[in-house]
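Chemist: Pasting in a structure now, in structure tokens, and then I'll have a few things to ask.
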Amino acid sequence: MRPLFAYWHEFAARLSTSQTIALFLDFDGTLAPFRARPEQVRLLPGVRRTLAALTRSSRWRLWVISARRRADIRARVGVPAIRYLGLYGWERGFLPSPRGGPVAPVKEILAASLPHHPAIWIEDKQYSLAVHYRGAPDAVRRIAIDRVYRAAERWRGQLRVAPGECIREILPRGLADKGAAVRRELAGLNKPAFAVYIGDGHSDEAAFAALGSRGLGIHVGGPSHTRAQYRVANPEQVHHFLEKLRTELL
């Protein structure tokens, strides 16, 4: 995994020969820095303007894929021409309220069993549950993670637990990952496209893997074991990358 800006000419050369470029972006930790609570997260200044400029080019197609609900990321990014995919890419439009299933009883178990600490809380996304523990002491964090797996164990044939940045998310097994979303969106284009995917977390690895020879992955964060070919350090560098696309590759 190479520092992107040190190898910029190599990266740009791959894109310069492509008539259509599909740019997939994660949200939390990629387009916006993490905060203590999800509702506190905001785009960095200037990012919205840069994204809007890219969408006005006929060469570019843009997506934001997030674990958040679709309406949430669409409101936070606020660029109409971007295609927004919530719940790891599974939510593309209106979804009916879920009926039955194990998510509700798992939430009840977690509410009764998670440690009582202000940094431990449950986010109910209707189709999934996220247990947050950002800022919790290590001992409390370990207990919370253990309780998540215990709560989901009874329904392990229907549910899976996905790790994230200071969260554990309990998801239906039928809810596909970001890699499946990337493959689906690329297949739906009316012309071949070269794909770029940018993300920071464990859930983005499936998307990096899905690109194959048709694209390049960019990991946001420090050196780590990843399928991405390049890395940038933080959301500020993601914005710098987007600006370079706007000024050099439109």
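All residue names refer to the structure tokens as shown: chains lettered A, B, ... in order, residues numbered from 1 in each chain, ligands numbered from 1 in order.
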Which neighbours of A:Gly101 fall inside 12 Å, counting only C-alpha atoms, when residues of the same chain fewer than 4 positions from it are skipped, and could you give them as a list in words?

Modeler: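 Non-adjacent residues within range: Ser97, Pro105, Val106, Lys107, Gln126, Tyr127, Ser128, Trp155, Gly157, Gln158, Leu159, Leu171, Pro172 and Arg173 of chain A.
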
Chemist: For A:Thr30, list every protein, DNA or RNA residue within 10 Å, evaluated using only C-alpha atoms, and leave out those in the same chain fewer than 2 positions away; present the list as a list in words.

Modeler: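 The residues that qualify are Leu25, Asp26, Phe27, Asp28, Ala32, Pro33, Phe34, Leu43, Ile198, Gly199, Asp200, Gly201, His219, Val220, Gly221, Val232, Ala233, Asn234, Pro235, Glu236, Gln237, Val238 and His239 of chain A.
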
Chemist: Put those residues in a file: C-alpha atoms, as a compact mmCIF listing (two decimals), in the first residue's frame.

Modeler:
# COMPACT_ATOMS: atom_id res chain seq x y z
CA LEU A 25 -16.78 7.20 -1.29
CA ASP A 26 -17.34 6.07 2.26
CA PHE A 27 -18.66 8.79 4.59
CA ASP A 28 -17.58 8.52 8.26
CA ALA A 32 -15.92 13.55 7.36
CA PRO A 33 -13.88 13.07 10.54
CA PHE A 34 -15.26 10.87 13.30
CA LEU A 43 -18.35 17.39 6.03
CA ILE A 198 -12.07 5.34 -0.92
CA GLY A 199 -12.77 4.11 2.59
CA ASP A 200 -11.27 3.76 6.03
CA GLY A 201 -12.89 0.79 7.71
CA HIS A 219 -7.38 3.34 2.30
CA VAL A 220 -7.86 6.27 4.67
CA GLY A 221 -5.63 6.00 7.74
CA VAL A 232 -4.11 8.80 2.48
CA ALA A 233 -3.84 9.77 6.12
CA ASN A 234 -7.20 11.35 7.01
CA PRO A 235 -10.34 13.09 5.69
CA GLU A 236 -8.35 16.29 5.15
CA GLN A 237 -6.17 14.41 2.66
CA VAL A 238 -9.29 12.92 1.07
CA HIS A 239 -10.43 16.48 0.34

Chemist: DSSP on the backbone, helix (DSSP H, G or I) only: what residues of stretch 11-211 of chain A does that give? Format it as a PyMOL selection string.

Modeler: chain A and resi 11-16+38-40+47-55+70-77+87-89+103-113+138-153+178-187+202-211

Chemist: Here is a test: counting only C-alpha atoms, which residue of A:Lys125, A:Cys166, A:Phe5, A:Arg214 is nearest to A:Pro98?

Modeler: A:Lys125

Chemist: Go through A:Ala22, A:Met1, A:Ile122, A:Val79 and flag the residue nearest A:Arg183, using only C-alpha atoms for the distances.

Modeler: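 Closest residue, counting only C-alpha atoms: A:Ala22.
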
Chemist: Nearest to A:Ala36 among A:Pro80, A:Pro102, A:Pro118, A:Pro3, with distances taken over only C-alpha atoms: which residue is it?

Modeler: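 Nearest candidate to A:Ala36 out of A:Pro80, A:Pro102, A:Pro118, A:Pro3: A:Pro118.
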
Chemist: Would you pick out the contacts of A:His9 at 12 Å or less, using only C-alpha atoms, so that residues sharing its chain but fewer than 5 positions from it are not included, and give the list as a list in words?

Modeler: Pro3, Leu4, Arg14, Leu15, Ser16, Lys244, Leu245, Glu248 and Leu249 of chain A

Chemist: For the residues in the current selection, export C-alpha atoms as a PDB file, in the first residue's frame.

Modeler:
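The result, written out as result-v4.pdb:
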ATOM      1  CA  PRO A   3       1.193   6.798  -0.086  1.00  0.00           C
ATOM      2  CA  LEU A   4      -1.089   8.222  -2.757  1.00  0.00           C
ATOM      3  CA  ARG A  14      -4.445   5.206 -14.801  1.00  0.00           C
ATOM      4  CA  LEU A  15      -7.369   7.616 -14.668  1.00  0.00           C
ATOM      5  CA  SER A  16      -6.359   9.850 -17.567  1.00  0.00           C
ATOM      6  CA  LYS A 244      -6.605  17.296  -7.331  1.00  0.00           C
ATOM      7  CA  LEU A 245      -9.191  15.331  -9.281  1.00  0.00           C
ATOM      8  CA  GLU A 248      -6.178  18.031 -12.878  1.00  0.00           C
ATOM      9  CA  LEU A 249      -8.475  15.268 -14.133  1.00  0.00           C
TER      10      LEU A 249
END

Chemist: Enter the distance from atom CA of A:Pro115 to atom CA of A:His132, in Å, rounded to one decimal.

Modeler: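 If I compute the distance from atom CA of A:Pro115 to atom CA of A:His132, I get 11.6 Å.
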
Chemist: Give me every strand (DSSP E) residue in stretch 50-153 of chain A, going by DSSP on the backbone, as a PyMOL selection string.

Modeler: chain A and resi 60-65+83-85+121-124+129-132

Chemist: I'd like the contact shell of A:Arg2 - 7 Å cut-off, only C-alpha atoms, skipping same-chain residues fewer than 3 positions apart - returned as a PyMOL selection string.

Modeler: chain A and resi 229-231

Chemist: Enter the distance from atom CA of A:Phe24 to atom CA of A:Ile65, in Å, rounded to one decimal.

Modeler: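 Those two atoms sit 6.9 Å apart.
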
Chemist: Give me, as a PyMOL selection string, all polymer residues having an atom no more than 7 Å from A:Leu216, counting only C-alpha atoms and skipping those fewer than 5 positions away in the same chain.

Modeler: chain A and resi 195-197+211+228-229
